[in-house]
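Here's start.cif, which has mmCIF, C-alpha atoms and all ligand atoms:
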```cif
data_my_file
#
loop_
_atom_site.label_atom_id
_atom_site.label_comp_id
_atom_site.auth_asym_id
_atom_site.auth_seq_id
_atom_site.Cartn_x
_atom_site.Cartn_y
_atom_site.Cartn_z
CA MET S 245 138.30 131.26 191.38
CA THR S 246 141.23 133.67 191.39
CA PHE S 247 140.76 137.38 191.96
CA PHE S 248 141.45 138.01 188.28
CA SER S 249 138.98 135.34 187.22
CA LYS S 250 136.33 136.91 189.46
CA GLN S 251 137.05 140.32 187.99
CA LYS S 252 136.83 138.93 184.46
CA CYS S 253 133.56 137.26 185.34
CA MET S 254 132.11 140.51 186.69
CA ILE S 255 133.15 142.40 183.59
CA THR S 256 131.44 139.76 181.45
CA VAL S 257 128.22 140.05 183.50
CA MET S 258 128.34 143.83 183.15
CA ALA S 259 128.90 143.56 179.43
CA ILE S 260 125.95 141.22 178.98
CA PHE S 261 123.38 142.63 181.39
CA ILE S 262 124.23 146.11 182.57
CA LEU S 263 126.00 147.97 179.78
CA PRO S 264 123.33 147.45 177.10
CA TYR S 265 120.72 148.77 179.58
CA ALA S 266 122.92 151.75 180.37
CA ASN S 267 123.35 152.39 176.66
CA ALA S 268 119.60 152.08 176.09
CA GLN S 269 119.02 154.69 178.79
CA GLN S 270 121.39 157.02 177.02
CA THR S 271 119.70 156.67 173.62
CA PRO S 272 118.48 160.15 172.75
CA ASN S 273 114.75 160.55 172.23
CA PRO S 274 114.24 160.38 168.45
CA PHE S 275 111.11 162.54 168.67
CA PRO S 276 111.66 165.09 171.44
CA PRO S 277 109.02 167.76 172.03
CA LEU S 278 110.31 171.11 170.79
CA GLU S 279 109.15 174.71 170.93
CA ASN S 280 107.65 174.34 167.45
CA PRO S 281 104.37 172.39 167.48
CA ASP S 282 104.34 168.76 166.39
CA ARG S 283 101.90 165.81 166.50
CA ILE S 284 99.16 168.09 165.19
CA VAL S 285 95.93 166.11 165.04
CA LEU S 286 92.54 167.02 163.65
CA ASN S 287 89.70 164.99 165.17
CA VAL S 288 85.98 164.72 164.59
CA THR S 289 83.64 166.48 166.98
CA GLU S 290 80.00 165.81 167.80
CA ASP S 291 79.11 168.09 164.88
CA PRO S 292 81.90 168.29 162.29
CA SER S 293 79.76 170.59 160.11
CA THR S 294 80.25 173.48 162.54
CA SER S 295 83.29 172.55 164.66
CA VAL S 296 86.77 171.04 164.58
CA ALA S 297 88.96 169.54 167.32
CA ILE S 298 92.69 170.23 167.18
CA THR S 299 95.47 168.88 169.42
CA TRP S 300 99.23 169.38 169.34
CA ARG S 301 102.37 169.07 171.41
CA THR S 302 105.25 171.34 172.38
CA SER S 303 108.13 171.32 174.82
CA THR S 304 107.56 172.56 178.35
CA ALA S 305 109.04 175.91 177.29
CA VAL S 306 105.74 176.69 175.54
CA THR S 307 102.91 176.67 178.07
CA LYS S 308 100.23 178.32 175.93
CA GLY S 309 98.71 177.52 172.58
CA ILE S 310 96.74 179.47 170.00
CA VAL S 311 94.84 178.36 166.91
CA GLU S 312 94.48 180.91 164.11
CA ILE S 313 91.70 179.98 161.71
CA MET S 314 89.93 181.64 158.78
CA PRO S 315 88.20 180.76 155.50
CA VAL S 316 90.82 179.89 152.90
CA SER S 317 92.41 182.72 150.98
CA ALA S 318 95.07 182.72 148.27
CA ASP S 319 96.23 186.17 149.33
CA PRO S 320 98.93 185.72 151.98
CA ALA S 321 98.19 189.20 153.34
CA ASP S 322 94.79 187.94 154.48
CA ILE S 323 96.23 185.86 157.32
CA VAL S 324 96.07 188.90 159.61
CA LYS S 325 92.28 188.46 159.46
CA ALA S 326 92.41 185.01 161.08
CA ASN S 327 90.44 184.47 164.26
CA LYS S 328 92.50 183.55 167.29
CA HIS S 329 91.37 180.90 169.78
CA GLU S 330 93.28 180.00 172.92
CA ALA S 331 93.67 176.28 173.55
CA VAL S 332 93.63 174.40 176.84
CA SER S 333 97.31 173.78 177.60
CA SER S 334 98.34 171.05 180.05
CA PRO S 335 101.70 169.77 181.25
CA PHE S 336 102.38 166.12 180.47
CA GLN S 337 104.83 163.80 182.15
CA HIS S 338 105.22 160.19 181.08
CA ASN S 339 108.32 158.10 181.77
CA ASP S 340 111.15 160.35 180.61
CA ILE S 341 108.93 162.58 178.44
CA SER S 342 108.04 166.06 179.64
CA ALA S 343 105.86 168.05 177.28
CA TYR S 344 102.85 170.32 176.94
CA TYR S 345 99.71 169.23 175.11
CA HIS S 346 97.34 171.84 173.71
CA SER S 347 93.77 171.06 172.67
CA ILE S 348 90.72 172.95 171.54
CA VAL S 349 87.31 172.49 169.95
CA ILE S 350 86.57 175.45 167.69
CA LYS S 351 82.84 175.98 167.24
CA ASN S 352 80.52 178.17 165.16
CA LEU S 353 82.17 177.38 161.83
CA MET S 354 80.25 177.37 158.55
CA PRO S 355 79.28 173.97 157.09
CA ALA S 356 80.88 172.66 153.88
CA THR S 357 83.48 175.43 154.01
CA LYS S 358 87.21 175.33 153.42
CA TYR S 359 89.22 176.83 156.26
CA MET S 360 92.92 177.34 156.84
CA TYR S 361 94.47 177.14 160.29
CA ARG S 362 97.77 177.07 162.08
CA VAL S 363 98.73 176.32 165.67
CA GLY S 364 101.45 177.72 167.89
CA TYR S 365 102.40 180.56 170.19
CA ASP S 366 104.72 183.54 170.23
CA LYS S 367 107.32 182.86 167.53
CA TYR S 368 106.71 179.12 167.25
CA TRP S 369 104.08 178.24 164.65
CA SER S 370 103.08 175.37 162.39
CA GLU S 371 102.45 175.82 158.69
CA TRP S 372 98.91 176.68 157.54
CA PHE S 373 96.70 173.66 156.89
CA HIS S 374 93.62 173.56 154.65
CA ILE S 375 90.62 171.68 156.00
CA LYS S 376 86.94 171.44 155.11
CA THR S 377 83.99 171.29 157.47
CA ALA S 378 81.32 168.66 156.88
CA GLY S 379 78.18 169.50 154.94
CA LYS S 380 74.57 168.53 155.48
CA PRO S 381 72.82 165.13 155.43
CA GLY S 382 72.53 163.95 151.84
CA ASP S 383 75.84 165.43 150.71
CA LYS S 384 78.23 162.82 149.33
CA ILE S 385 80.34 161.31 152.14
CA SER S 386 83.88 160.03 151.70
CA PHE S 387 86.13 158.42 154.29
CA ILE S 388 89.28 156.34 154.70
CA TYR S 389 89.56 153.17 156.80
CA MET S 390 92.81 151.74 158.10
CA GLY S 391 93.15 148.33 159.72
CA ASP S 392 95.96 147.87 162.27
CA VAL S 393 98.99 150.06 161.60
CA GLN S 394 100.97 148.79 164.63
CA VAL S 395 104.26 147.95 162.89
CA GLY S 396 106.06 149.84 160.14
CA MET S 397 104.64 153.25 161.11
CA LYS S 398 107.81 154.95 159.89
CA THR S 399 108.85 152.47 157.22
CA LEU S 400 106.10 150.68 155.29
CA TRP S 401 102.90 152.41 156.43
CA PRO S 402 103.68 155.92 155.13
CA ARG S 403 103.26 154.73 151.52
CA VAL S 404 99.81 153.43 152.43
CA VAL S 405 98.46 156.52 154.15
CA ARG S 406 99.97 158.82 151.50
CA GLN S 407 98.19 156.94 148.73
CA ALA S 408 94.91 157.08 150.60
CA PHE S 409 95.33 160.83 151.07
CA GLY S 410 96.38 161.30 147.45
CA LYS S 411 93.25 159.58 146.20
CA MET S 412 90.90 161.16 148.74
CA PRO S 413 92.43 164.47 149.91
CA GLU S 414 89.18 165.89 151.21
CA ALA S 415 87.92 162.80 153.02
CA ASN S 416 85.43 163.57 155.78
CA ALA S 417 87.32 161.27 158.15
CA ILE S 418 90.10 158.73 158.51
CA MET S 419 89.20 155.77 160.73
CA TYR S 420 91.66 153.58 162.62
CA ALA S 421 90.55 150.14 163.85
CA GLY S 422 92.96 150.01 166.79
CA ASP S 423 96.49 148.74 167.39
CA ILE S 424 97.60 151.97 165.83
CA VAL S 425 100.98 151.41 167.49
CA ASN S 426 102.56 148.28 168.95
CA ARG S 427 103.16 149.46 172.52
CA GLY S 428 100.73 152.17 173.47
CA ASP S 429 102.88 153.59 176.25
CA ASN S 430 105.95 153.88 174.04
CA ASP S 431 106.28 157.51 173.02
CA ASP S 432 108.79 156.67 170.27
CA GLU S 433 106.18 154.59 168.46
CA TRP S 434 103.65 157.44 168.51
CA GLY S 435 106.50 159.60 167.21
CA GLU S 436 106.89 157.17 164.32
CA LEU S 437 103.15 157.26 163.62
CA PHE S 438 103.14 161.06 163.46
CA TYR S 439 106.27 161.00 161.31
CA GLY S 440 104.59 158.48 158.99
CA GLY S 441 101.29 160.33 158.63
CA SER S 442 102.80 163.82 158.92
CA PHE S 443 100.43 166.59 157.80
CA ILE S 444 97.68 164.10 156.93
CA HIS S 445 96.92 163.82 160.66
CA ALA S 446 96.34 167.58 160.71
CA MET S 447 94.12 167.71 157.61
CA ILE S 448 91.73 164.74 157.72
CA PRO S 449 89.62 164.42 160.89
CA GLY S 450 90.63 161.26 162.70
CA ILE S 451 88.30 158.63 164.19
CA PRO S 452 90.68 156.42 166.17
CA SER S 453 89.44 153.37 168.08
CA PRO S 454 91.78 151.68 170.56
CA GLY S 455 93.06 148.09 170.28
CA ASN S 456 94.69 145.79 172.79
CA HIS S 457 98.10 147.26 171.93
CA GLU S 458 96.95 150.67 173.14
CA TYR S 459 96.63 148.99 176.54
CA SER S 460 99.39 147.84 178.87
CA LYS S 461 99.89 144.11 178.98
CA THR S 462 98.71 143.40 182.52
CA LYS S 463 95.25 142.00 183.09
CA ASP S 464 94.13 145.30 184.59
CA GLY S 465 95.99 147.15 181.88
CA ASN S 466 95.31 150.82 181.40
CA LEU S 467 94.77 152.77 178.24
CA SER S 468 97.97 154.38 176.96
CA ALA S 469 98.84 157.52 178.93
CA LEU S 470 99.29 159.23 175.55
CA TRP S 471 95.82 158.51 174.13
CA ARG S 472 93.72 161.21 175.76
CA PRO S 473 96.36 163.96 175.74
CA GLN S 474 97.04 163.58 172.02
CA PHE S 475 93.46 163.16 170.75
CA THR S 476 90.45 165.42 171.31
CA LEU S 477 87.41 163.24 170.67
CA PRO S 478 83.67 163.57 171.37
CA GLU S 479 82.85 162.88 175.02
CA ASN S 480 79.39 161.52 174.25
CA GLY S 481 80.03 157.89 175.17
CA PRO S 482 79.00 155.98 178.31
CA ALA S 483 79.51 157.89 181.57
CA THR S 484 82.37 155.56 182.62
CA GLU S 485 85.52 157.68 182.93
CA LYS S 486 87.88 155.09 181.46
CA LEU S 487 85.79 154.74 178.28
CA LYS S 488 85.95 158.47 177.54
CA GLU S 489 87.34 159.39 174.11
CA THR S 490 87.40 155.71 173.15
CA VAL S 491 83.63 155.14 172.90
CA TYR S 492 81.89 157.95 171.05
CA PHE S 493 79.93 158.88 167.96
CA THR S 494 79.84 161.62 165.37
CA ASP S 495 77.32 162.37 162.64
CA ILE S 496 78.66 163.35 159.23
CA GLN S 497 76.37 164.19 156.31
CA GLY S 498 73.79 161.53 157.12
CA MET S 499 76.08 158.81 158.45
CA ARG S 500 76.58 157.98 162.13
CA PHE S 501 80.16 156.92 162.85
CA ILE S 502 80.58 155.02 166.13
CA SER S 503 83.72 153.87 167.93
CA LEU S 504 83.44 151.04 170.47
CA ASN S 505 86.19 149.96 172.84
CA SER S 506 86.30 146.20 172.30
CA ASN S 507 89.34 145.79 174.51
CA GLU S 508 87.53 147.08 177.61
CA ALA S 509 84.45 145.10 176.57
CA GLU S 510 86.48 141.91 176.46
CA GLU S 511 88.35 142.50 179.71
CA VAL S 512 85.77 144.09 182.02
CA PRO S 513 82.16 142.77 182.13
CA GLU S 514 80.67 146.06 183.33
CA ASP S 515 82.40 147.92 180.48
CA LEU S 516 80.80 145.51 178.04
CA ILE S 517 77.36 146.10 179.55
CA SER S 518 77.70 149.88 179.63
CA GLN S 519 78.78 149.95 175.98
CA LYS S 520 75.93 147.65 175.01
CA LEU S 521 73.33 149.85 176.71
CA TRP S 522 74.89 152.98 175.25
CA LEU S 523 75.03 151.47 171.75
CA ASP S 524 71.39 150.44 171.95
CA SER S 525 70.51 154.03 172.76
CA VAL S 526 72.61 155.72 170.05
CA LEU S 527 71.32 153.28 167.43
CA LYS S 528 67.73 153.70 168.57
CA HIS S 529 67.93 157.49 168.45
CA ASN S 530 69.76 157.72 165.18
CA PRO S 531 68.37 160.17 162.61
CA ASN S 532 70.99 159.22 160.01
CA LYS S 533 70.34 157.05 156.97
CA TRP S 534 73.66 155.21 157.30
CA THR S 535 75.64 153.76 160.22
CA CYS S 536 79.25 152.63 160.39
CA ILE S 537 80.83 151.16 163.54
CA ILE S 538 84.52 150.66 164.15
CA PHE S 539 86.26 148.60 166.86
CA HIS S 540 89.30 146.39 167.13
CA HIS S 541 88.33 142.76 167.75
CA PRO S 542 86.45 141.01 164.92
CA VAL S 543 82.92 139.69 165.33
CA TYR S 544 83.96 136.92 162.93
CA SER S 545 87.66 136.19 162.96
CA VAL S 546 90.17 135.45 160.21
CA SER S 547 92.64 133.63 162.44
CA LYS S 548 92.34 129.89 162.97
CA SER S 549 92.83 130.09 166.72
CA ARG S 550 90.80 133.24 167.40
CA ASP S 551 87.13 133.71 168.08
CA ASN S 552 85.18 136.39 169.90
CA PRO S 553 81.75 134.91 170.70
CA TRP S 554 81.19 137.61 173.35
CA LEU S 555 81.03 140.16 170.52
CA ARG S 556 78.51 138.10 168.57
CA ASP S 557 76.41 137.41 171.66
CA ASN S 558 76.27 140.98 172.89
CA PHE S 559 76.59 143.34 169.95
CA LYS S 560 75.51 141.51 166.80
CA PRO S 561 71.83 141.42 167.86
CA LEU S 562 71.98 145.23 168.00
CA PHE S 563 73.69 145.46 164.60
CA ASP S 564 70.88 143.30 163.20
CA LYS S 565 68.06 145.07 165.04
CA TYR S 566 69.11 148.51 163.85
CA LYS S 567 70.37 147.42 160.42
CA VAL S 568 73.87 148.75 160.86
CA ASP S 569 75.49 149.01 157.43
CA LEU S 570 79.20 148.55 157.95
CA ILE S 571 81.40 147.07 160.70
CA LEU S 572 85.12 147.88 160.42
CA GLN S 573 87.62 145.87 162.46
CA GLY S 574 91.28 144.87 162.80
CA HIS S 575 93.32 142.65 165.12
CA ASP S 576 93.83 139.65 162.80
CA HIS S 577 96.46 141.14 160.42
CA ALA S 578 94.84 139.75 157.29
CA TYR S 579 91.89 140.66 155.06
CA ALA S 580 88.36 139.34 155.00
CA ARG S 581 84.86 140.61 154.54
CA GLY S 582 81.52 138.91 154.70
CA MET S 583 77.79 139.45 154.56
CA LYS S 584 76.21 136.88 152.25
CA LYS S 585 76.65 133.94 154.62
CA ILE S 586 76.12 135.71 157.93
CA PRO S 587 72.66 135.00 159.35
CA TYR S 588 70.27 137.65 160.58
CA GLU S 589 69.19 137.08 164.17
CA ASN S 590 65.81 135.35 164.28
CA GLY S 591 65.33 135.84 160.58
CA PRO S 592 65.18 133.71 157.49
CA GLU S 593 67.45 136.13 155.62
CA PHE S 594 71.15 136.71 155.58
CA SER S 595 72.77 139.77 157.08
CA GLY S 596 72.45 143.21 155.58
CA THR S 597 75.52 144.28 157.54
CA MET S 598 78.96 144.02 155.96
CA TYR S 599 81.78 142.92 158.30
CA VAL S 600 85.33 143.85 157.27
CA ILE S 601 88.75 143.06 158.75
CA SER S 602 91.83 144.72 157.32
CA VAL S 603 95.48 145.55 157.98
CA ALA S 604 97.40 148.69 156.99
CA GLY S 605 100.82 148.19 158.60
CA SER S 606 103.48 145.59 157.94
CA LYS S 607 102.67 142.92 160.56
CA MET S 608 100.96 139.95 158.90
CA TYR S 609 99.30 136.76 160.14
CA GLU S 610 98.33 133.75 158.08
CA GLU S 611 94.95 134.11 156.44
CA ASN S 612 92.35 131.37 156.70
CA LYS S 613 89.31 130.63 154.62
CA LYS S 614 86.25 130.47 156.86
CA ASP S 615 82.60 129.89 156.11
CA TRP S 616 81.47 133.42 156.96
CA MET S 617 83.71 135.10 154.39
CA ASP S 618 82.71 136.41 151.00
CA LYS S 619 86.32 137.28 150.24
CA ASN S 620 89.62 136.93 152.02
CA GLY S 621 93.33 137.44 151.52
CA GLY S 622 96.57 138.10 153.32
CA HIS S 623 100.17 139.28 153.33
CA THR S 624 99.05 142.53 151.74
CA GLN S 625 99.08 146.05 153.16
CA LEU S 626 95.73 147.63 152.45
CA TYR S 627 93.66 150.80 152.73
CA GLN S 628 90.02 151.45 152.05
CA LEU S 629 88.27 154.39 150.41
CA ILE S 630 84.53 154.48 151.04
CA THR S 631 81.93 156.85 149.65
CA VAL S 632 78.22 157.20 150.31
CA ASP S 633 76.07 158.90 147.71
CA GLY S 634 72.33 158.81 148.33
CA ASP S 635 71.30 155.16 148.60
CA VAL S 636 74.63 153.70 147.48
CA LEU S 637 77.65 152.97 149.67
CA SER S 638 80.69 152.26 147.54
CA TYR S 639 83.63 150.40 149.12
CA LYS S 640 87.01 150.13 147.47
CA CYS S 641 89.98 148.34 149.01
CA TYR S 642 93.43 149.05 147.56
CA THR S 643 96.81 147.43 148.09
CA ALA S 644 99.91 149.36 149.14
CA THR S 645 100.88 149.43 145.47
CA GLY S 646 97.61 151.09 144.45
CA ALA S 647 95.93 148.05 142.87
CA LEU S 648 92.21 147.56 143.44
CA TYR S 649 91.96 144.52 145.73
CA ASP S 650 88.25 144.32 146.49
CA SER S 651 85.15 146.38 145.96
CA PHE S 652 81.41 146.21 146.50
CA GLU S 653 78.38 148.39 146.86
CA LEU S 654 75.65 148.33 149.46
CA ILE S 655 72.28 149.58 148.31
CA LYS S 656 70.01 151.06 150.97
CA ARG S 657 66.45 149.79 150.78
CA LYS S 658 63.82 151.28 153.05
CA GLY S 659 62.75 148.87 155.78
CA ARG S 660 64.80 146.02 154.33
CA ARG S 661 68.32 144.77 154.65
CA ASN S 662 70.87 146.24 152.27
CA LYS S 663 71.41 144.75 148.87
CA LEU S 664 74.98 143.74 148.13
CA VAL S 665 76.39 144.32 144.67
CA GLU S 666 79.68 142.57 144.04
CA ASN S 667 81.85 144.61 141.76
CA GLU S 668 83.24 141.79 139.71
CA PRO S 669 84.28 142.91 136.23
CA GLY S 670 81.24 144.10 134.37
CA VAL S 671 78.87 144.01 137.31
CA ALA S 672 79.34 147.64 138.25
CA ALA S 673 78.54 148.74 134.73
CA ILE S 674 75.44 146.56 134.66
CA TRP S 675 74.41 148.05 137.97
CA GLN S 676 74.60 151.56 136.59
CA ASN S 677 72.20 150.77 133.76
CA HIS S 678 69.95 148.05 135.07
CA LEU S 679 69.41 148.57 138.76
CA THR S 680 66.43 146.30 139.01
CA ASN S 681 67.92 143.50 136.95
CA ILE S 682 70.64 142.69 139.44
CA LYS S 683 69.68 139.54 141.27
CA ASP S 684 69.37 139.53 145.00
CA TYR S 685 71.86 137.26 146.63
FE FE R 1 95.13 143.49 168.29
#
```
Reformat the file's structure so that it appears as structure tokens.
Amino acid sequence: MTFFSKQKCMITVMAIFILPYANAQQTPNPFPPLENPDRIVLNVTEDPSTSVAITWRTSTAVTKGIVEIMPVSADPADIVKANKHEAVSSPFQHNDISAYYHSIVIKNLMPATKYMYRVGYDKYWSEWFHIKTAGKPGDKISFIYMGDVQVGMKTLWPRVVRQAFGKMPEANAIMYAGDIVNRGDNDDEWGELFYGGSFIHAMIPGIPSPGNHEYSKTKDGNLSALWRPQFTLPENGPATEKLKETVYFTDIQGMRFISLNSNEAEEVPEDLISQKLWLDSVLKHNPNKWTCIIFHHPVYSVSKSRDNPWLRDNFKPLFDKYKVDLILQGHDHAYARGMKKIPYENGPEFSGTMYVISVAGSKMYEENKKDWMDKNGGHTQLYQLITVDGDVLSYKCYTATGALYDSFELIKRKGRRNKLVENEPGVAAIWQNHLTNIKDY
């Protein structure tokens, strides 16, 4: 090879392998932390009737954070009356991101009360957000459920979350069944999620549960370095440090909401056992009428090639024993729900627990009809609006275009499994007028 040929060859190698990498390194961060707060998140606390958890991010130029909060007022002059609370501010370094995260749990609030708050410091402040604290057990509950977002956070998911917010602007919570982003350690993707959800993240208390994509890909993969800094979640889970803020519960108006970490349960036997023991305890000592549990991997799968018997073996007996009402899951990028054909452990009856799998983002897998399903579908972005009023849980699943896709009601019956009412045309109306005439399944 001549000198010139060698040179040409080297240039070609550089063009193929080195230059694109160099260019990638030079790509400016699309979501850089700035002096003004961003990624403002409202999370549930152990008692959302008297407290709120708020987290946000700034550049390293802002090393302190304040929350100003007060009951809502239409008079702008009233904002001088807001109470000031200093947050815990911590430096954050991850790959090429340097930032400050600020977090705080504000306590001693009044139940069922509308508040307004803003976050910031010095001359850098967010806008004022309206929020509402939870009420007392028996008050009507409303919450939003999102299956995997994961892909399309900035493109096709915003239309989904905006519709959910538009239809339920004062939801008590918004639940995420994991795989909220595609690569948990990729700051850009979290930037896209916060772009996509914008102020909704700051107004509806979030209940996020992690999926496998919030973990690095290695066998001993760790939870995303961004998870704990950017959420402030109840630390009432198992004592294990690595399960903190991923396994937790909160009680809202007579419903216990529980997040499990199915990824750790699948990967690490002792993390499965500790969650199982913890779950047994929080279900045993549960004063609430209703219980909803969210985690990523499905107990019954939609996908042809997927199955999670370890979930059925370890957790389903507890769901049956304590008559858990609703299990919300993700992972399979399709839709299915089932109850009528799922057996109760050691019982002659079918399950009183409804199992749901859904998807909110734009990544889709093929759906499959399986025996356990009451309904199934696919290739449709979805969101769920759920209400609980007295003895009736009402579930409505909408498509990204706002069409009603599925709905049912669960009727609480003391000491017995729930009754399922399928909301086929006409059935809901019959239910309203002739409660006792609706046949048991
Ligand atoms: Fe997943």
Compute the set of protein, DNA and RNA residues whose minimum atom distance to ligand FE 1 (chain R) is at most 8 Å, using only C-alpha atoms and all ligand atoms, and state it as a PDB file with C-alpha atoms, keeping the file's coordinate frame.
```pdb
ATOM      1  CA  ASP S 392      95.960 147.870 162.270  1.00  0.00           C
ATOM      2  CA  GLY S 422      92.960 150.010 166.790  1.00  0.00           C
ATOM      3  CA  ASP S 423      96.490 148.740 167.390  1.00  0.00           C
ATOM      4  CA  GLY S 455      93.060 148.090 170.280  1.00  0.00           C
ATOM      5  CA  ASN S 456      94.690 145.790 172.790  1.00  0.00           C
ATOM      6  CA  HIS S 457      98.100 147.260 171.930  1.00  0.00           C
ATOM      7  CA  HIS S 540      89.300 146.390 167.130  1.00  0.00           C
ATOM      8  CA  HIS S 541      88.330 142.760 167.750  1.00  0.00           C
ATOM      9  CA  GLY S 574      91.280 144.870 162.800  1.00  0.00           C
ATOM     10  CA  HIS S 575      93.320 142.650 165.120  1.00  0.00           C
ATOM     11  CA  ASP S 576      93.830 139.650 162.800  1.00  0.00           C
TER      12      ASP S 576
END
```
Env of S:Leu400: 12 Å cut, atoms = all atoms listed in the file, seq-sep filter 2 positions within chain, self excluded. Answer as a PyMOL selection string.
chain S and resi 393-398+402-406+436-437+439-441+604-607+624-626+644-645
Sorted by chain and rising residue number, which residues of stretch 458-544 of chain S lie within 7 Å of stretch 559-567 of chain S, and what are their closest atom pairs and distances in Å to one decimal, counting only C-alpha atoms, as a Markdown table?
```
| residue | atom | partner | partner_atom | distance |
| --- | --- | --- | --- | --- |
| S:Lys520 | CA | S:Phe559 | CA | 6.7 |
| S:Asp524 | CA | S:Leu562 | CA | 6.6 |
| S:Leu527 | CA | S:Tyr566 | CA | 6.4 |
```
Which residues come within 10 Å of S:Asn430, counting all atoms listed in the file, excluding same-chain residues fewer than 2 positions away, as a list in words?
His338, Asn339, Val425, Asn426, Arg427, Gly428, Asp432, Glu433, Trp434, Gly435, Glu458, Ser468, Ala469 and Leu470 of chain S
Could you tell me which of S:Ala343, S:Ile310, S:Ala297, S:Ala446 comes closest to S:Arg283 if we count all atoms listed in the file?
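Of all the options, S:Ala446 lies closest to S:Arg283.
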Proximity to S:Ala326 - best of S:Thr304, S:Val568, S:Trp401, S:Ile313, only C-alpha atoms
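Result for the nearest residue to S:Ala326: S:Ile313.
With distances taken over all atoms listed in the file, S:Ile388 is the one residue among S:Leu278, S:Ile451, S:Ile418, S:Ile388 lying closest to S:Ser638.
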Would you compute the distance between atom CA of S:His623 and atom CA of S:Phe409? Give it in Å to one decimal.
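Atom CA of S:His623 sits 22.2 Å away from atom CA of S:Phe409.
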